[in-house]
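**Student:** Below is the file run-v8.txt, with compact mmCIF, C-alpha atoms and all ligand atoms.
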```txt
# COMPACT_ATOMS: atom_id res chain seq x y z
CA MET A 1 118.58 109.47 105.81
CA SER A 2 116.45 109.82 108.99
CA THR A 3 117.11 107.64 112.03
CA ILE A 4 115.41 104.28 111.67
CA LYS A 5 114.13 102.72 114.88
CA LYS A 6 114.67 99.02 115.47
CA LEU A 7 111.90 96.59 114.59
CA VAL A 8 111.37 93.86 117.19
CA LEU A 9 109.19 90.87 116.32
CA PRO A 10 107.60 88.51 118.86
CA GLN A 11 107.22 84.71 118.53
CA MET A 12 103.62 85.02 117.39
CA GLY A 13 101.22 87.68 116.26
CA CYS A 14 97.58 88.30 115.53
CA GLY A 15 95.87 88.70 112.17
CA THR A 16 93.17 91.30 111.66
CA TRP A 17 91.65 90.39 108.32
CA ALA A 18 88.29 89.70 109.93
CA TRP A 19 88.30 93.21 111.37
CA GLY A 20 87.11 94.82 108.18
CA ASN A 21 85.98 92.05 105.94
CA ARG A 22 82.25 91.68 105.64
CA ILE A 23 82.08 89.45 102.60
CA LEU A 24 84.41 86.73 103.74
CA TRP A 25 84.09 86.90 107.51
CA GLY A 26 80.73 88.56 108.18
CA TYR A 27 82.35 91.44 110.07
CA ASP A 28 80.04 94.15 111.37
CA LYS A 29 80.63 97.10 113.63
CA SER A 30 78.94 95.43 116.59
CA MET A 31 82.12 93.30 116.84
CA ASP A 32 84.38 96.28 117.57
CA ALA A 33 84.24 96.17 121.38
CA GLN A 34 85.06 92.46 121.31
CA LEU A 35 87.94 93.05 118.90
CA GLN A 36 89.33 95.72 121.19
CA GLU A 37 89.29 93.16 124.02
CA VAL A 38 91.12 90.74 121.72
CA PHE A 39 93.77 93.40 121.07
CA ASN A 40 94.18 94.20 124.77
CA LEU A 41 94.38 90.55 125.75
CA CYS A 42 97.00 89.83 123.07
CA VAL A 43 99.26 92.73 124.01
CA SER A 44 99.04 92.12 127.74
CA ASN A 45 100.10 88.52 127.06
CA GLY A 46 103.06 89.47 124.89
CA VAL A 47 101.43 88.90 121.49
CA THR A 48 102.40 92.28 120.13
CA LEU A 49 102.58 91.94 116.34
CA PHE A 50 99.36 92.87 114.52
CA ASP A 51 99.03 92.36 110.81
CA THR A 52 96.53 94.22 108.67
CA GLY A 53 96.29 95.57 105.13
CA ASP A 54 95.10 98.75 103.48
CA SER A 55 92.75 96.61 101.38
CA TYR A 56 91.03 95.07 104.42
CA GLY A 57 87.59 96.60 104.29
CA THR A 58 85.86 97.61 101.09
CA GLY A 59 83.08 100.05 100.17
CA LYS A 60 81.80 101.77 103.30
CA LEU A 61 84.29 99.78 105.38
CA ASN A 62 87.26 101.08 103.41
CA GLY A 63 90.33 101.16 105.70
CA ARG A 64 88.30 99.87 108.64
CA SER A 65 90.80 97.30 109.82
CA GLU A 66 93.65 99.82 109.93
CA GLN A 67 91.45 102.40 111.65
CA LEU A 68 90.45 99.93 114.35
CA LEU A 69 94.01 98.83 114.90
CA GLY A 70 95.07 102.46 115.31
CA LYS A 71 92.27 103.15 117.77
CA PHE A 72 93.02 100.05 119.84
CA ASP A 73 96.72 100.89 119.93
CA ARG A 74 96.02 104.49 120.95
CA GLU A 75 93.67 103.50 123.74
CA TYR A 76 95.77 100.67 125.15
CA THR A 77 97.47 101.63 128.41
CA GLY A 78 98.69 98.30 129.85
CA VAL A 79 101.96 96.37 129.79
CA ASN A 80 104.01 95.83 126.61
CA LYS A 81 102.66 99.00 125.02
CA ASP A 82 106.16 99.87 123.86
CA LYS A 83 106.48 96.48 122.16
CA ILE A 84 103.42 96.77 119.91
CA CYS A 85 104.31 96.34 116.27
CA LEU A 86 101.72 97.57 113.78
CA ALA A 87 102.21 95.89 110.43
CA THR A 88 100.24 96.69 107.33
CA LYS A 89 100.32 95.52 103.76
CA LEU A 90 100.14 98.04 100.95
CA ALA A 91 98.15 96.74 98.01
CA ALA A 92 99.59 96.73 94.51
CA TYR A 93 96.43 98.38 93.18
CA PRO A 94 96.54 99.01 89.41
CA TRP A 95 96.32 102.76 90.01
CA ARG A 96 99.45 102.74 92.17
CA LEU A 97 102.14 103.09 89.57
CA THR A 98 104.99 105.15 90.95
CA PRO A 99 107.28 105.14 94.01
CA LYS A 100 105.45 108.27 95.17
CA SER A 101 102.11 106.46 95.09
CA MET A 102 103.52 103.85 97.44
CA VAL A 103 104.84 106.50 99.82
CA LYS A 104 101.43 108.17 99.69
CA ALA A 105 99.77 104.83 100.49
CA GLY A 106 102.11 104.31 103.45
CA LEU A 107 101.32 107.78 104.76
CA ALA A 108 97.57 107.16 104.39
CA SER A 109 97.90 103.93 106.38
CA ALA A 110 99.93 105.77 109.03
CA GLN A 111 97.17 108.34 109.20
CA ARG A 112 94.61 105.61 109.89
CA MET A 113 96.81 103.64 112.29
CA GLY A 114 98.71 106.40 114.03
CA ARG A 115 101.94 104.96 112.60
CA VAL A 116 103.19 102.03 110.55
CA ASP A 117 105.99 99.95 112.06
CA LEU A 118 106.25 97.33 109.32
CA ALA A 119 105.15 98.15 105.77
CA GLN A 120 104.78 95.13 103.52
CA MET A 121 104.22 94.83 99.80
CA HIS A 122 100.93 92.90 99.78
CA TRP A 123 101.62 91.00 96.59
CA SER A 124 103.94 90.91 93.64
CA THR A 125 102.79 92.06 90.22
CA ALA A 126 105.71 90.20 88.64
CA ASN A 127 103.47 87.73 86.83
CA TYR A 128 101.32 90.32 85.08
CA PHE A 129 102.97 93.76 85.28
CA PRO A 130 106.62 93.54 86.38
CA TRP A 131 107.30 97.19 85.60
CA GLN A 132 104.78 98.24 88.27
CA GLU A 133 106.42 96.08 90.91
CA GLU A 134 109.78 97.80 90.48
CA GLN A 135 108.16 101.19 91.04
CA LEU A 136 106.21 100.10 94.10
CA LEU A 137 109.20 98.42 95.70
CA ASP A 138 111.22 101.59 95.15
CA GLY A 139 108.50 103.43 97.03
CA LEU A 140 108.56 100.85 99.82
CA GLY A 141 112.30 101.47 100.12
CA ASP A 142 111.68 105.22 100.22
CA LEU A 143 109.29 104.76 103.16
CA TYR A 144 112.10 103.02 105.03
CA GLU A 145 114.87 105.42 104.06
CA GLN A 146 112.77 108.41 105.01
CA GLY A 147 112.25 106.91 108.48
CA LEU A 148 108.48 106.68 107.93
CA VAL A 149 108.45 102.96 108.88
CA LYS A 150 110.74 100.86 111.06
CA GLY A 151 110.97 97.97 108.65
CA ILE A 152 109.75 96.65 105.34
CA GLY A 153 108.46 93.25 104.36
CA LEU A 154 106.97 91.28 101.49
CA SER A 155 103.99 89.02 101.11
CA ASN A 156 103.19 86.14 98.76
CA TYR A 157 106.69 85.96 97.30
CA GLY A 158 108.40 82.73 96.30
CA THR A 159 112.08 81.89 96.51
CA LYS A 160 113.26 83.07 93.10
CA ARG A 161 111.47 86.38 93.28
CA LEU A 162 112.50 86.95 96.89
CA LYS A 163 116.18 86.52 96.02
CA ARG A 164 115.86 89.01 93.21
CA ILE A 165 114.10 91.58 95.36
CA HIS A 166 116.58 91.02 98.18
CA ALA A 167 119.43 91.86 95.79
CA LYS A 168 117.54 94.96 94.66
CA PHE A 169 117.13 96.25 98.23
CA SER A 170 120.69 95.28 99.16
CA ARG A 171 121.93 97.77 96.58
CA ARG A 172 120.28 100.45 98.74
CA SER A 173 121.37 98.74 102.01
CA ILE A 174 117.72 98.24 102.94
CA PRO A 175 117.01 95.04 104.91
CA ILE A 176 113.87 93.00 104.26
CA ALA A 177 112.58 92.23 107.75
CA THR A 178 109.80 89.77 106.95
CA LEU A 179 108.11 87.67 104.33
CA GLN A 180 104.59 86.39 104.86
CA VAL A 181 103.14 83.44 103.00
CA GLN A 182 100.12 81.21 103.44
CA TYR A 183 101.61 78.53 105.64
CA SER A 184 99.73 75.89 107.59
CA LEU A 185 99.36 72.13 107.76
CA LEU A 186 97.07 72.45 104.74
CA SER A 187 99.32 74.88 102.89
CA THR A 188 102.90 73.66 103.10
CA TYR A 189 103.69 74.49 99.45
CA PRO A 190 105.76 77.65 100.07
CA VAL A 191 108.11 75.74 102.35
CA THR A 192 108.10 72.17 101.04
CA GLU A 193 107.95 73.00 97.31
CA LEU A 194 109.53 76.44 97.09
CA GLY A 195 112.01 76.13 99.96
CA ILE A 196 111.10 79.58 101.20
CA LYS A 197 112.13 79.01 104.84
CA GLU A 198 115.68 78.08 103.90
CA THR A 199 115.95 81.14 101.69
CA CYS A 200 114.55 83.39 104.43
CA ASP A 201 117.09 81.97 106.87
CA GLU A 202 119.93 82.54 104.41
CA LEU A 203 118.86 86.14 103.85
CA GLY A 204 118.07 86.95 107.49
CA ILE A 205 114.34 87.39 106.85
CA LYS A 206 111.68 86.32 109.38
CA LEU A 207 108.97 84.10 107.92
CA ILE A 208 105.39 84.97 108.91
CA ALA A 209 102.75 82.25 108.53
CA TYR A 210 99.41 83.71 107.49
CA SER A 211 96.15 81.75 107.69
CA PRO A 212 97.86 79.26 110.06
CA LEU A 213 94.47 77.70 110.91
CA CYS A 214 93.55 77.43 107.24
CA LEU A 215 90.68 79.88 107.78
CA GLY A 216 89.41 77.90 110.78
CA ILE A 217 89.43 74.36 109.36
CA LEU A 218 92.35 73.27 111.52
CA THR A 219 90.44 74.06 114.70
CA GLY A 220 88.40 70.91 113.97
CA LYS A 221 85.11 72.69 114.61
CA TYR A 222 83.97 72.43 110.99
CA THR A 223 83.11 68.76 110.99
CA ASP A 224 80.50 68.48 108.21
CA SER A 225 78.60 70.72 105.81
CA SER A 226 75.94 71.59 108.40
CA THR A 227 78.64 73.35 110.47
CA TYR A 228 80.38 75.26 107.66
CA PRO A 229 80.39 79.07 107.78
CA LYS A 230 78.40 81.07 105.25
CA GLY A 231 79.89 82.96 102.32
CA LEU A 232 82.98 82.18 100.29
CA ARG A 233 84.44 79.88 102.92
CA ASN A 234 81.43 77.59 102.54
CA LEU A 235 82.37 76.66 98.97
CA LEU A 236 86.00 76.13 99.85
CA PHE A 237 85.25 74.07 102.95
CA ARG A 238 82.99 71.66 101.01
CA ARG A 239 86.02 70.50 99.08
CA LEU A 240 88.73 70.99 101.65
CA VAL A 241 87.34 69.61 104.91
CA PRO A 242 86.92 66.03 103.58
CA GLU A 243 90.40 66.24 102.02
CA ALA A 244 91.87 67.43 105.31
CA GLN A 245 90.81 64.37 107.32
CA PRO A 246 94.29 62.82 107.75
CA VAL A 247 95.60 66.10 109.15
CA LEU A 248 92.52 66.66 111.33
CA ASN A 249 92.77 63.14 112.76
CA CYS A 250 96.43 63.63 113.60
CA LEU A 251 95.77 67.05 115.16
CA GLN A 252 92.98 65.58 117.24
CA ALA A 253 95.12 62.70 118.51
CA ILE A 254 97.97 65.01 119.55
CA ALA A 255 95.56 67.53 121.06
CA GLN A 256 93.88 64.83 123.16
CA TYR A 257 97.19 63.39 124.33
CA ARG A 258 98.49 66.84 125.26
CA ASN A 259 95.22 68.08 126.69
CA LYS A 260 95.30 71.00 124.25
CA THR A 261 92.99 72.11 121.46
CA MET A 262 93.51 71.33 117.77
CA ALA A 263 93.96 75.04 117.04
CA GLN A 264 96.75 75.20 119.59
CA VAL A 265 98.52 72.22 118.04
CA ALA A 266 98.17 73.68 114.53
CA ILE A 267 99.55 77.07 115.58
CA ASN A 268 102.37 75.46 117.52
CA TRP A 269 103.35 73.46 114.45
CA CYS A 270 104.03 76.77 112.66
CA ILE A 271 106.19 77.94 115.55
CA ALA A 272 108.05 74.61 115.53
CA LYS A 273 108.81 75.28 111.85
CA GLY A 274 110.44 78.59 112.77
CA ALA A 275 107.64 80.80 111.48
CA ILE A 276 105.70 83.55 113.25
CA PRO A 277 102.03 82.55 113.01
CA ILE A 278 99.42 85.32 112.86
CA PRO A 279 96.12 83.53 113.52
CA GLY A 280 93.06 85.71 113.21
CA ALA A 281 90.90 85.74 116.34
CA LYS A 282 87.36 87.06 116.21
CA ASN A 283 86.56 86.95 119.89
CA VAL A 284 88.19 86.78 123.30
CA LYS A 285 87.70 83.03 123.66
CA GLN A 286 89.56 82.34 120.41
CA ALA A 287 92.29 84.80 121.34
CA GLN A 288 92.77 83.21 124.77
CA GLU A 289 93.11 79.82 123.18
CA ASN A 290 95.56 80.99 120.53
CA ILE A 291 97.72 82.98 122.94
CA ALA A 292 98.12 79.96 125.22
CA VAL A 293 100.30 78.19 122.62
CA LYS A 294 103.23 80.23 123.88
CA ASP A 295 103.38 78.14 127.07
CA TRP A 296 104.33 74.78 125.54
CA GLN A 297 105.98 73.20 122.51
CA LEU A 298 105.43 70.18 120.30
CA ASP A 299 108.21 67.61 120.37
CA ALA A 300 110.09 66.48 117.27
CA GLY A 301 108.09 63.23 117.01
CA GLU A 302 104.78 65.10 117.02
CA VAL A 303 106.01 67.54 114.38
CA ALA A 304 107.11 64.59 112.22
CA GLU A 305 103.68 62.93 112.57
CA LEU A 306 101.97 66.14 111.54
CA ASP A 307 104.34 66.58 108.59
CA CYS A 308 103.54 63.06 107.47
CA ALA A 309 99.79 63.66 107.72
CA ALA A 310 100.13 66.95 105.81
CA ALA A 311 102.10 65.23 103.05
CA GLY A 312 99.25 62.73 102.68
CA VAL A 313 96.68 65.35 101.68
CA ASP A 314 96.13 65.07 97.91
CA LYS A 315 94.48 68.41 97.25
CA PRO A 316 95.47 70.88 99.97
CA MET A 317 94.45 74.53 100.32
CA ILE A 318 94.63 76.53 97.08
CA GLN A 319 97.50 78.98 96.93
CA ASN A 320 97.00 82.72 96.79
CA VAL A 321 96.73 83.72 93.11
CA PHE A 322 99.50 86.26 93.61
CA GLN A 323 101.98 83.82 95.14
CA THR A 324 105.13 83.90 92.99
CA ARG A 325 107.71 81.17 92.60
N1 LIG B 401 99.31 88.26 102.96
C1 LIG B 401 98.16 87.85 102.58
O1 LIG B 401 97.85 87.84 101.37
C2 LIG B 401 97.16 87.35 103.60
C3 LIG B 401 96.05 86.59 103.21
C4 LIG B 401 95.19 86.14 104.20
C5 LIG B 401 95.43 86.43 105.53
N2 LIG B 401 96.50 87.19 105.89
C6 LIG B 401 96.75 87.55 107.31
O2 LIG B 401 96.69 86.41 108.13
C7 LIG B 401 95.78 86.61 109.19
C8 LIG B 401 95.15 85.31 109.63
O3 LIG B 401 94.66 84.61 108.53
P1 LIG B 401 93.12 84.25 108.33
O4 LIG B 401 92.25 85.06 109.20
O5 LIG B 401 92.93 84.24 106.87
O6 LIG B 401 93.06 82.70 108.72
P2 LIG B 401 93.31 81.86 110.04
O7 LIG B 401 94.11 82.62 111.01
O8 LIG B 401 93.81 80.57 109.55
O9 LIG B 401 91.83 81.63 110.57
C9 LIG B 401 91.18 82.61 111.32
C10 LIG B 401 89.75 82.18 111.63
O10 LIG B 401 89.73 80.93 112.32
C11 LIG B 401 88.77 80.97 113.36
N3 LIG B 401 89.50 80.85 114.63
C12 LIG B 401 90.63 81.50 115.02
N4 LIG B 401 91.06 81.07 116.22
C13 LIG B 401 90.18 80.11 116.61
C14 LIG B 401 90.08 79.29 117.74
N5 LIG B 401 90.98 79.33 118.73
N6 LIG B 401 89.04 78.43 117.82
C15 LIG B 401 88.12 78.35 116.83
N7 LIG B 401 88.16 79.11 115.73
C16 LIG B 401 89.18 79.97 115.61
C17 LIG B 401 88.03 82.30 113.22
O11 LIG B 401 86.96 82.20 112.28
P3 LIG B 401 85.55 81.51 112.58
O12 LIG B 401 85.25 81.67 114.04
O13 LIG B 401 84.58 82.21 111.69
O14 LIG B 401 85.76 80.09 112.16
C18 LIG B 401 89.08 83.17 112.57
O15 LIG B 401 88.58 84.26 111.90
C19 LIG B 401 94.78 87.64 108.63
O16 LIG B 401 94.12 88.31 109.65
C20 LIG B 401 95.71 88.53 107.84
O17 LIG B 401 96.32 89.46 108.71
C21 LIG B 401 97.38 87.62 104.95
```
Written as structure tokens, that's how I'd like the structure from this file.
Ligand SMILES: NC(=O)c1ccc[n+]([C@@H]2O[C@H](COP(=O)([O-])OP(=O)(O)OC[C@H]3O[C@@H](n4cnc5c(N)ncnc54)[C@H](OP(=O)(O)O)[C@@H]3O)[C@@H](O)[C@H]2O)c1
**Tutor:**
Amino acid sequence: MSTIKKLVLPQMGCGTWAWGNRILWGYDKSMDAQLQEVFNLCVSNGVTLFDTGDSYGTGKLNGRSEQLLGKFDREYTGVNKDKICLATKLAAYPWRLTPKSMVKAGLASAQRMGRVDLAQMHWSTANYFPWQEEQLLDGLGDLYEQGLVKGIGLSNYGTKRLKRIHAKFSRRSIPIATLQVQYSLLSTYPVTELGIKETCDELGIKLIAYSPLCLGILTGKYTDSSTYPKGLRNLLFRRLVPEAQPVLNCLQAIAQYRNKTMAQVAINWCIAKGAIPIPGAKNVKQAQENIAVKDWQLDAGEVAELDCAAAGVDKPMIQNVFQTR
């Protein structure tokens, strides 16, 4: 087995979904210079984990997010360069059927990014094609054993499935470094219903909170339908923003009292829960705001108030279709 370098994870990271996704986020190439500034600002402020996926960017934008991340990493010359952690998620595409196809996918991502530090299985196929999942996870393990990545992780796994996969990797002495799930004040299901944080703690796995701002809703800027973004989010927000009012009111009250923004309170709630949030920032202003959460903490009373408000939302954010139990 080749030497495996140690994977070090910071308290928070940065998502890069928007960096290649035209349909959902309206990405276009004119945003690249701004996104590079976002990257530089994050790293220089100690936010050194970047999460992307080989499925971020379709059609002509195929692989765009990984390519950009690789370029930004290559061109960055400031502090914390040695701490940058490039994480990608390898999709369980139906045409990826063997361990070799997963290794090939990891190598293709490394080609686009310069390297892959953390390779994650993007989703489980357990619910519709369990045989495929076994093959792909074997390939993920091969990437680690061959020293091609520093660590491996999972995404959209629930407690039962995670335990099973943990046992599978333990037989090869391969640690699972991370698990990412959709976790925010409007998506508490993985933790409150599935108990995923407890299981992660038991198994020594770091929990990553993706979509910690619930796609922007928790910033409080989407107040009514005239302010909603275009595209797929528009449909979702029409239902979700009115439902989210108890949480938004609580966020606003705490933000005002603390002289912080609602986004900062929402991200800090994830950190208070022991997760690593990876909010997506589209511009420098958003990145500055998100990064500043590292300088303060919510107290236990504030966290309890937010928990209570979150529990009062009848129909929260829909779960990822691939989330397993
Ligand atoms: N594993 C998975 O299946 C999975 C699924 C989804 C996401 N992810 C990961 O999680 C990352 C983040 O999730 P996400 O992008 O879906 O959702 P998010 O982080 O909850 O929301 C990001 C969006 O909120 C808005 N925003 C961010 N910071 C803001 C600020 N300070 N003030 C105002 N608006 C702000 C921006 O959009 P607007 O300006 O347009 O509002 C931004 O694109 C992704 O990049 C990806 O790496 C993983």
**Student:** I need the residue nearest A:Ser30 from this list: A:Asn283, A:Trp269, A:Ala110, A:Phe169. Use all atoms listed in the file for the distance.
**Tutor:**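 Residue with the minimum atom-to-atom distance to A:Ser30: A:Asn283.
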**Student:** Counting all atoms listed in the file, what is within 12 Å of A:Met317, bar same-chain residues fewer than 6 positions away, as a ChimeraX atom specification?
**Tutor:** /A:182-190,211-215,217-218,233,236-244,310
**Student:** What does the list of residues within 6 Å of ligand LIG 401 (chain B) look like if you count all atoms listed in the file, written as a list of chain:residue names?
**Tutor:**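 Based on all atoms listed in the file, ligand LIG 401 (chain B) is surrounded within 6 Å by A:Gly15, A:Thr16, A:Trp17, A:Ala18, A:Asp51, A:Thr52, A:His122, A:Ser155, A:Gln180, A:Tyr210, A:Ser211, A:Pro212, A:Leu213, A:Cys214, A:Leu215, A:Gly216, A:Thr219, A:Ala263, A:Ile278, A:Pro279, A:Gly280, A:Ala281, A:Lys282, A:Gln286, A:Glu289, A:Asn290.
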**Student:** Assuming 6 Å of padding per side, give the centre and edge lengths of the axis-aligned box around every listed atom of stretch 61-74 of chain A, in Å to one decimal and as lines of an AutoDock Vina configuration file.
**Tutor:**
```
center_x = 90.5
center_y = 100.9
center_z = 112.2
size_x = 24.4
size_y = 19.2
size_z = 29.5
```
**Student:** Which of these residues is nearest to A:Arg164, using all atoms listed in the file: A:Ala126, A:Met121, A:Ala177, A:Val149?
**Tutor:**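 Nearest to A:Arg164: A:Ala126.
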**Student:** Which residues, protein or nucleic acid, reach to within 7 Å of (101.8, 92.7, 114.9) in the file's coordinates when using only C-alpha atoms, and can you give that as a list in words?
**Tutor:**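 The answer, in the requested form, is Gly13, Cys14, Thr48, Leu49, Phe50, Asp51, Ile84, Cys85, Leu86 and Ala87 of chain A.
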**Student:** Write out as an MDAnalysis selection string each polymer residue whose atoms come within 10 Å of A:Glu133, counting all atoms listed in the file; drop sequence neighbours fewer than 6 positions from it.
**Tutor:** chainID A and resid 92 96:99 121 123:127 139 165
**Student:** Just want the 12 Å neighbourhood of A:Asp138, counted on only C-alpha atoms, with same-chain residues fewer than 3 positions away dropped. Output as a compact mmCIF listing (two decimals) with C-alpha atoms, in the frame of the given file.
**Tutor:**
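Printed below is part10.txt as written:
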```
# COMPACT_ATOMS: atom_id res chain seq x y z
CA LEU A 97 102.14 103.09 89.57
CA THR A 98 104.99 105.15 90.95
CA PRO A 99 107.28 105.14 94.01
CA LYS A 100 105.45 108.27 95.17
CA SER A 101 102.11 106.46 95.09
CA MET A 102 103.52 103.85 97.44
CA VAL A 103 104.84 106.50 99.82
CA MET A 121 104.22 94.83 99.80
CA TRP A 131 107.30 97.19 85.60
CA GLN A 132 104.78 98.24 88.27
CA GLU A 133 106.42 96.08 90.91
CA GLU A 134 109.78 97.80 90.48
CA GLN A 135 108.16 101.19 91.04
CA GLY A 141 112.30 101.47 100.12
CA ASP A 142 111.68 105.22 100.22
CA LEU A 143 109.29 104.76 103.16
CA TYR A 144 112.10 103.02 105.03
CA GLU A 145 114.87 105.42 104.06
CA ILE A 152 109.75 96.65 105.34
CA ILE A 165 114.10 91.58 95.36
CA LYS A 168 117.54 94.96 94.66
CA PHE A 169 117.13 96.25 98.23
CA ARG A 171 121.93 97.77 96.58
CA ARG A 172 120.28 100.45 98.74
CA ILE A 174 117.72 98.24 102.94
```
**Student:** Compare A:Met12, A:Val43, A:Leu7, A:Leu162 by their minimum atom-to-atom distance to A:Ala119, counting only C-alpha atoms, and give me the closest one.
**Tutor:**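 Looking at the shortest contact to A:Ala119, the residue is A:Leu7.
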**Student:** Considering all atoms listed in the file, can you say which of A:Leu24, A:Val47, A:Leu61, A:Met262 comes closest to A:Cys250?
**Tutor:**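 Of A:Leu24, A:Val47, A:Leu61, A:Met262, the one nearest A:Cys250, counting all atoms listed in the file, is A:Met262.
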**Student:** With distances taken over only C-alpha atoms, which of A:Leu136, A:Val116, A:Gly195, A:Ala266 is nearest to A:Gly220?
**Tutor:**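 Using only C-alpha atoms, A:Gly220 sits closest to A:Ala266.
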**Student:** May I have the residues within 9 Å of A:Ser109 as a list in words, using all atoms listed in the file and disregarding those fewer than 4 positions away in the same chain?
**Tutor:**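 Result of the neighbour search: Gly53, Asp54, Gly63, Glu66, Gln67, Thr88, Leu90, Lys104, Ala105, Met113, Gly114, Arg115 and Val116 of chain A.
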**Student:** Which residue, A:Ile291, A:Ile176, A:Ala167, A:Leu232, has the smallest gap to A:Gly151 when you use all atoms listed in the file?
**Tutor:**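 Closest to A:Gly151, using all atoms listed in the file: A:Ile176.
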**Student:** If you count all atoms listed in the file, which residues fall within 12 Å of A:Lys163, apart from same-chain ones fewer than 5 positions away, as a list in words?
**Tutor:**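 Contacts, in chain order: Leu154, Tyr157, Gly158, Lys168, Phe169, Ser170, Ile176, Leu179, Gly195, Ile196, Glu198, Thr199, Cys200, Asp201, Glu202, Leu203, Gly204, Ile205, Thr324 and Arg325 of chain A.
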**Student:** One decimal, Å: what's the distance from atom CA of A:Ile271 over to atom CA of A:Ile254, could you say?
**Tutor:**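 These two atoms are separated by 15.8 Å.
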